[in-house]
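Structure first, commentary second.
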Amino acid sequence: MITSVLIIAALALGPAKSLLQQQDKSGVITDNSGVGNLVTTLQFDADSAYAFTAAQCDFGPRNMNSDGHDKCKKWIINKFRSYGCEVMSQDADLRGYDGTMLKSSNIIARHRTDIDRRIMLCAHWDSRPWADNDPDPDNWHKPILAANDAASGVAVMIEIARLLQADSTLNVGVDFVCFDAEDWGTPQWEERQPGDDNTWALGAQYFAQNMPLVPTPQYGILLDMVGGENATFYREVYSLKYARDIVDRIWDASREVGQSSFFIYEEGGAITDDHVPLNTIARIPTADIIPFHPNCRESSFGSTWHTLADDMSNISRNTLKAVGQTVLQVLSKE
């Protein structure tokens, strides 16, 4: 899914696996070496999130202006509504890098609107219209299924919404935002021009310029490609610049719920993603949870990024669990 990336540090060390790593009955691996500050009683269901990821992929590619995109929009809205959220669609016609008019819809689902103190969880829900990083050039103009990039992020949010429906312990309201038109950024086969970074995250740019949320969330967490096999999440540079405190909360929470083997306490790259306009335009401190693979030859985002291999065969329940349980811990500590 996403955007352009400037690698600030190419780290040679991979994540260390704890000797206390255990496998639960569902097959999900957890690292219990840091458990001791557990706050949340909510247990993220990786099987449920996996099913929500697959359900989006069942619509096929969800690239802009496609039939799959339209059908998936209705499904996402209905899922959030079924879990008690108030849902709205922020619609806009946005112009892609090539002049194409994109029928964009940011889907906003609000949990507990009676609470003024709010936290935003967000992910993009559209899929890349071109597999422009595929190893086979014949596939470069084909749309991708986008299981990880970005059905996984939406799936984690829907699972959290499902859990919160019956929860009475949370002290904050949660705004779930599914950004559209994130992945229409300039493809690799085009010669790069000044300002090409602005061709990404169009839905988030529109959201930030036309803020629909009142009151404004205190901070945000962006979930981008959070279901891939063997994922590791490093501390992204723009997140550290604008929302270091939020980054610290997330990485600390990962240790508290025994998922520190996924969240590496090292700096990764500076990534053009939906969190950039949220931080710079909307002034909502937002941290990006996004994979960083320093030793991957194909891409620092992993070998399936913007390829036809981004399908359900490369989605990991372990990764979904690690991210989902960590985010629940962050919310529960508010």
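By convention here, the chains of the structure tokens are called A, B, ... in the order presented, each chain's residues are numbered starting at 1, and ligands are numbered starting at 1 in the order presented.
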Can you write out as JSON lines which residues of stretch 146-219 of chain A fall within 12 Å of stretch 127-135 of chain A, alongside each residue's closest atom pair and its distance in Å to one decimal, counting only C-alpha atoms and ordering rows by chain and ascending residue number?
```
{"residue": "A:Ala146", "atom": "CA", "partner": "A:Ser127", "partner_atom": "CA", "distance": 5.6}
{"residue": "A:Ala147", "atom": "CA", "partner": "A:Ser127", "partner_atom": "CA", "distance": 8.8}
{"residue": "A:Asn148", "atom": "CA", "partner": "A:Ser127", "partner_atom": "CA", "distance": 9.7}
{"residue": "A:Asp149", "atom": "CA", "partner": "A:Ser127", "partner_atom": "CA", "distance": 6.8}
{"residue": "A:Ala150", "atom": "CA", "partner": "A:Ser127", "partner_atom": "CA", "distance": 6.6}
{"residue": "A:Ala151", "atom": "CA", "partner": "A:Ser127", "partner_atom": "CA", "distance": 8.2}
{"residue": "A:Ser152", "atom": "CA", "partner": "A:Ser127", "partner_atom": "CA", "distance": 11.4}
{"residue": "A:Gly153", "atom": "CA", "partner": "A:Ser127", "partner_atom": "CA", "distance": 12.0}
{"residue": "A:Val154", "atom": "CA", "partner": "A:Ser127", "partner_atom": "CA", "distance": 11.8}
{"residue": "A:Phe179", "atom": "CA", "partner": "A:Ser127", "partner_atom": "CA", "distance": 11.0}
{"residue": "A:Asp180", "atom": "CA", "partner": "A:Ser127", "partner_atom": "CA", "distance": 8.9}
{"residue": "A:Ala181", "atom": "CA", "partner": "A:Ser127", "partner_atom": "CA", "distance": 8.3}
{"residue": "A:Glu182", "atom": "CA", "partner": "A:Ser127", "partner_atom": "CA", "distance": 8.1}
{"residue": "A:Asp183", "atom": "CA", "partner": "A:Arg128", "partner_atom": "CA", "distance": 5.0}
{"residue": "A:Trp184", "atom": "CA", "partner": "A:Arg128", "partner_atom": "CA", "distance": 6.5}
{"residue": "A:Gly185", "atom": "CA", "partner": "A:Arg128", "partner_atom": "CA", "distance": 8.6}
{"residue": "A:Thr186", "atom": "CA", "partner": "A:Asp132", "partner_atom": "CA", "distance": 10.0}
{"residue": "A:Pro187", "atom": "CA", "partner": "A:Asp132", "partner_atom": "CA", "distance": 6.3}
{"residue": "A:Gln188", "atom": "CA", "partner": "A:Asp132", "partner_atom": "CA", "distance": 6.1}
{"residue": "A:Trp189", "atom": "CA", "partner": "A:Asp132", "partner_atom": "CA", "distance": 7.3}
{"residue": "A:Glu190", "atom": "CA", "partner": "A:Asp132", "partner_atom": "CA", "distance": 10.2}
{"residue": "A:Trp200", "atom": "CA", "partner": "A:Arg128", "partner_atom": "CA", "distance": 10.8}
{"residue": "A:Ala201", "atom": "CA", "partner": "A:Arg128", "partner_atom": "CA", "distance": 11.7}
```
Using the selection just defined, write its residues with N, CA and C atoms as an mmCIF file, in the first residue's frame.
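Result written to selection_22.cif:
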```cif
data_model
loop_
_atom_site.group_PDB
_atom_site.id
_atom_site.type_symbol
_atom_site.label_atom_id
_atom_site.label_comp_id
_atom_site.auth_asym_id
_atom_site.auth_seq_id
_atom_site.Cartn_x
_atom_site.Cartn_y
_atom_site.Cartn_z
ATOM 1 N N ALA A 146 -4.445 -6.763 -2.156
ATOM 2 C CA ALA A 146 -4.234 -5.878 -1.007
ATOM 3 C C ALA A 146 -4.761 -6.446 0.310
ATOM 4 N N ALA A 147 -4.404 -7.677 0.608
ATOM 5 C CA ALA A 147 -4.795 -8.263 1.889
ATOM 6 C C ALA A 147 -4.118 -7.543 3.049
ATOM 7 N N ASN A 148 -2.814 -7.324 2.917
ATOM 8 C CA ASN A 148 -2.089 -6.603 3.968
ATOM 9 C C ASN A 148 -2.211 -5.097 3.788
ATOM 10 N N ASP A 149 -2.138 -4.649 2.566
ATOM 11 C CA ASP A 149 -2.102 -3.234 2.227
ATOM 12 C C ASP A 149 -3.344 -2.824 1.448
ATOM 13 N N ALA A 150 -4.545 -2.704 2.096
ATOM 14 C CA ALA A 150 -4.598 -2.352 3.511
ATOM 15 C C ALA A 150 -5.789 -2.988 4.211
ATOM 16 N N ALA A 151 -6.257 -4.146 3.735
ATOM 17 C CA ALA A 151 -7.400 -4.777 4.413
ATOM 18 C C ALA A 151 -7.087 -5.102 5.864
ATOM 19 N N SER A 152 -5.834 -5.386 6.182
ATOM 20 C CA SER A 152 -5.467 -5.785 7.544
ATOM 21 C C SER A 152 -5.739 -4.672 8.549
ATOM 22 N N GLY A 153 -5.415 -3.425 8.206
ATOM 23 C CA GLY A 153 -5.634 -2.324 9.130
ATOM 24 C C GLY A 153 -7.100 -2.093 9.428
ATOM 25 N N VAL A 154 -7.935 -2.154 8.386
ATOM 26 C CA VAL A 154 -9.377 -2.007 8.567
ATOM 27 C C VAL A 154 -9.907 -3.163 9.419
ATOM 28 N N PHE A 179 -9.479 5.798 5.643
ATOM 29 C CA PHE A 179 -9.141 6.768 4.605
ATOM 30 C C PHE A 179 -9.199 6.127 3.225
ATOM 31 N N ASP A 180 -9.682 6.898 2.278
ATOM 32 C CA ASP A 180 -9.754 6.455 0.888
ATOM 33 C C ASP A 180 -8.658 7.153 0.081
ATOM 34 N N ALA A 181 -8.480 6.706 -1.146
ATOM 35 C CA ALA A 181 -7.581 7.355 -2.109
ATOM 36 C C ALA A 181 -6.162 7.524 -1.566
ATOM 37 N N GLU A 182 -5.707 6.561 -0.769
ATOM 38 C CA GLU A 182 -4.334 6.620 -0.266
ATOM 39 C C GLU A 182 -3.341 6.118 -1.296
ATOM 40 N N ASP A 183 -3.743 5.109 -2.052
ATOM 41 C CA ASP A 183 -2.772 4.348 -2.838
ATOM 42 C C ASP A 183 -2.799 4.649 -4.332
ATOM 43 N N TRP A 184 -3.230 5.859 -4.705
ATOM 44 C CA TRP A 184 -3.184 6.263 -6.109
ATOM 45 C C TRP A 184 -1.908 7.063 -6.391
ATOM 46 N N GLY A 185 -0.909 6.935 -5.541
ATOM 47 C CA GLY A 185 0.319 7.689 -5.731
ATOM 48 C C GLY A 185 1.048 7.318 -7.008
ATOM 49 N N THR A 186 1.879 8.224 -7.471
ATOM 50 C CA THR A 186 2.592 8.064 -8.741
ATOM 51 C C THR A 186 3.296 6.712 -8.811
ATOM 52 N N PRO A 187 3.015 5.904 -9.834
ATOM 53 C CA PRO A 187 3.637 4.568 -9.940
ATOM 54 C C PRO A 187 5.108 4.649 -10.303
ATOM 55 N N GLN A 188 5.791 3.549 -10.065
ATOM 56 C CA GLN A 188 7.234 3.536 -10.267
ATOM 57 C C GLN A 188 7.637 3.674 -11.730
ATOM 58 N N TRP A 189 6.740 3.338 -12.645
ATOM 59 C CA TRP A 189 7.121 3.435 -14.052
ATOM 60 C C TRP A 189 7.084 4.887 -14.568
ATOM 61 N N GLU A 190 6.495 5.810 -13.799
ATOM 62 C CA GLU A 190 6.463 7.210 -14.178
ATOM 63 C C GLU A 190 7.723 7.910 -13.676
ATOM 64 N N TRP A 200 0.052 10.848 -2.890
ATOM 65 C CA TRP A 200 -0.372 9.800 -1.983
ATOM 66 C C TRP A 200 -1.291 10.385 -0.905
ATOM 67 N N ALA A 201 -2.022 9.500 -0.222
ATOM 68 C CA ALA A 201 -2.815 9.902 0.950
ATOM 69 C C ALA A 201 -3.788 11.040 0.628
#
```
Closest contacts (stretch 180-254 of chain A/stretch 107-126 of chain A, max 10 Å, only C-alpha atoms) as a tab-separated table:
```
residue	atom	partner	partner_atom	distance
A:Asp180	CA	A:Asp126	CA	5.5
A:Ala181	CA	A:Asp126	CA	6.1
A:Glu182	CA	A:His124	CA	6.3
A:Asp183	CA	A:Asp126	CA	6.8
A:Trp184	CA	A:Asp126	CA	8.9
A:Ala201	CA	A:His124	CA	8.4
A:Gly203	CA	A:His124	CA	8.5
A:Ala204	CA	A:His124	CA	8.6
A:Pro212	CA	A:Ile108	CA	8.9
A:Leu213	CA	A:Ile108	CA	8.9
A:Val214	CA	A:Asp116	CA	8.5
A:Pro215	CA	A:Asp116	CA	6.4
A:Thr216	CA	A:Arg118	CA	7.4
A:Pro217	CA	A:Arg118	CA	4.7
A:Gln218	CA	A:Ile119	CA	5.8
A:Tyr219	CA	A:Ile119	CA	5.6
A:Gly220	CA	A:Met120	CA	4.4
A:Ile221	CA	A:Leu121	CA	5.0
A:Leu222	CA	A:Cys122	CA	4.8
A:Leu223	CA	A:Ala123	CA	5.1
A:Asp224	CA	A:Ala123	CA	6.0
A:Met225	CA	A:Ala123	CA	8.9
A:Val226	CA	A:Ala123	CA	9.8
```
| message | Among stretch 221-294 of chain A, which residues does DSSP mark as strand (DSSP E) when it is run on the backbone? Keep the chain and numbering as in the structure and answer as a ChimeraX atom specification. | response | /A:221-223,233-235,263-267,269-271,286-289
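Each of A:Leu164, A:Leu145, A:Val172, A:Ile271 was compared to A:His306 using only C-alpha atoms, and A:Leu145 turns out to be the nearest.
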Legend entry - Test item, alpha helix (DSSP H) assignment across stretch 227-305 of chain A, answer as a list in words: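 Alpha helix (DSSP H) assignments inside stretch 227-305 of chain A correspond to Val237, Tyr238, Ser239, Leu240, Lys241, Tyr242, Ala243, Arg244, Asp245, Ile246, Val247, Asp248, Arg249, Ile250, Trp251, Asp252, Ala253, Ser254, Arg255, Glu256, His275, Val276, Pro277, Leu278, Asn279 and Thr280 of chain A.
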**Message:** List as a ChimeraX atom specification the protein and nucleic acid residues near A:Gln205, meaning an atom at most 12 Å away when only C-alpha atoms are counted, but skip any in the same chain fewer than 5 places from it.
**Reply:** /A:92,94-95,104,106,179-182,197-200,210-211,272-282
- Report the distance between atom CA of A:Asp70 and atom CA of A:Cys57 in Å, rounded to one decimal place.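 Straight-line distance from atom CA of A:Asp70 to atom CA of A:Cys57 works out to 13.1 Å.
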A:Arg317 environment, 8 Å, only C-alpha atoms, sequence neighbours closer than 2 positions dropped, as a PDB file with N, CA, C and O atoms, in the first residue's frame:
```pdb
ATOM      1  N   VAL A  28      -1.551 -18.566  18.193  1.00  0.00           N
ATOM      2  CA  VAL A  28      -0.946 -17.251  18.183  1.00  0.00           C
ATOM      3  C   VAL A  28       0.240 -17.215  19.128  1.00  0.00           C
ATOM      4  O   VAL A  28       0.145 -17.621  20.279  1.00  0.00           O
ATOM      5  N   ALA A  46      -7.582 -12.860  17.010  1.00  0.00           N
ATOM      6  CA  ALA A  46      -6.873 -12.855  15.735  1.00  0.00           C
ATOM      7  C   ALA A  46      -7.655 -13.586  14.645  1.00  0.00           C
ATOM      8  O   ALA A  46      -7.596 -13.209  13.469  1.00  0.00           O
ATOM      9  N   ASP A  47      -8.397 -14.634  15.022  1.00  0.00           N
ATOM     10  CA  ASP A  47      -9.199 -15.353  14.028  1.00  0.00           C
ATOM     11  C   ASP A  47     -10.288 -14.445  13.457  1.00  0.00           C
ATOM     12  O   ASP A  47     -10.574 -14.473  12.253  1.00  0.00           O
ATOM     13  N   ALA A  49     -10.202 -11.089  13.287  1.00  0.00           N
ATOM     14  CA  ALA A  49      -9.551 -10.098  12.432  1.00  0.00           C
ATOM     15  C   ALA A  49      -9.118 -10.709  11.101  1.00  0.00           C
ATOM     16  O   ALA A  49      -9.205 -10.067  10.045  1.00  0.00           O
ATOM     17  N   TYR A  50      -8.654 -11.937  11.149  1.00  0.00           N
ATOM     18  CA  TYR A  50      -8.267 -12.639   9.913  1.00  0.00           C
ATOM     19  C   TYR A  50      -9.480 -12.780   8.994  1.00  0.00           C
ATOM     20  O   TYR A  50      -9.392 -12.564   7.778  1.00  0.00           O
ATOM     21  N   GLY A 227      -0.731  -6.901   9.078  1.00  0.00           N
ATOM     22  CA  GLY A 227      -1.057  -8.316   9.115  1.00  0.00           C
ATOM     23  C   GLY A 227      -0.069  -9.214   8.404  1.00  0.00           C
ATOM     24  O   GLY A 227      -0.319 -10.410   8.251  1.00  0.00           O
ATOM     25  N   ILE A 315      -0.961 -13.443   5.095  1.00  0.00           N
ATOM     26  CA  ILE A 315      -1.503 -12.786   6.279  1.00  0.00           C
ATOM     27  C   ILE A 315      -1.285 -13.673   7.495  1.00  0.00           C
ATOM     28  O   ILE A 315      -1.543 -14.880   7.461  1.00  0.00           O
ATOM     29  N   THR A 319       0.686 -11.588  13.692  1.00  0.00           N
ATOM     30  CA  THR A 319       0.891 -10.154  13.526  1.00  0.00           C
ATOM     31  C   THR A 319      -0.371  -9.376  13.859  1.00  0.00           C
ATOM     32  O   THR A 319      -0.318  -8.338  14.532  1.00  0.00           O
ATOM     33  N   LEU A 320      -1.512  -9.847  13.384  1.00  0.00           N
ATOM     34  CA  LEU A 320      -2.778  -9.186  13.706  1.00  0.00           C
ATOM     35  C   LEU A 320      -2.983  -9.117  15.213  1.00  0.00           C
ATOM     36  O   LEU A 320      -3.405  -8.086  15.759  1.00  0.00           O
ATOM     37  N   LYS A 321      -2.689 -10.209  15.896  1.00  0.00           N
ATOM     38  CA  LYS A 321      -2.831 -10.262  17.349  1.00  0.00           C
ATOM     39  C   LYS A 321      -1.900  -9.263  18.020  1.00  0.00           C
ATOM     40  O   LYS A 321      -2.297  -8.543  18.954  1.00  0.00           O
TER      41      LYS A 321
END
```
> Pick the closest to A:Phe301 from A:Tyr265, A:Tyr242, A:Phe176, A:Phe233: which is it, counting only C-alpha atoms?
Replying inline: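 Ranking A:Tyr265, A:Tyr242, A:Phe176, A:Phe233 by distance to A:Phe301, first place goes to A:Phe233.
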Shortest contact to A:Val177, candidates A:Thr232, A:Ser261, A:Val87, A:Ile144, atoms counted only C-alpha atoms, goes to A:Val87
In Å, with one decimal, what is the gap from atom CA of A:Thr307 to atom CA of A:Tyr234?
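Between atom CA of A:Thr307 and atom CA of A:Tyr234 the gap is 22.2 Å.
Nearest to A:Leu42 of all the residues A:Ser89, A:Ser168, A:Gln56, A:Asn314 is A:Ser168, based on only C-alpha atoms.
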Taken to one decimal, the atom CA of A:Trp251-atom CA of A:Val237 distance is 14.2 Å
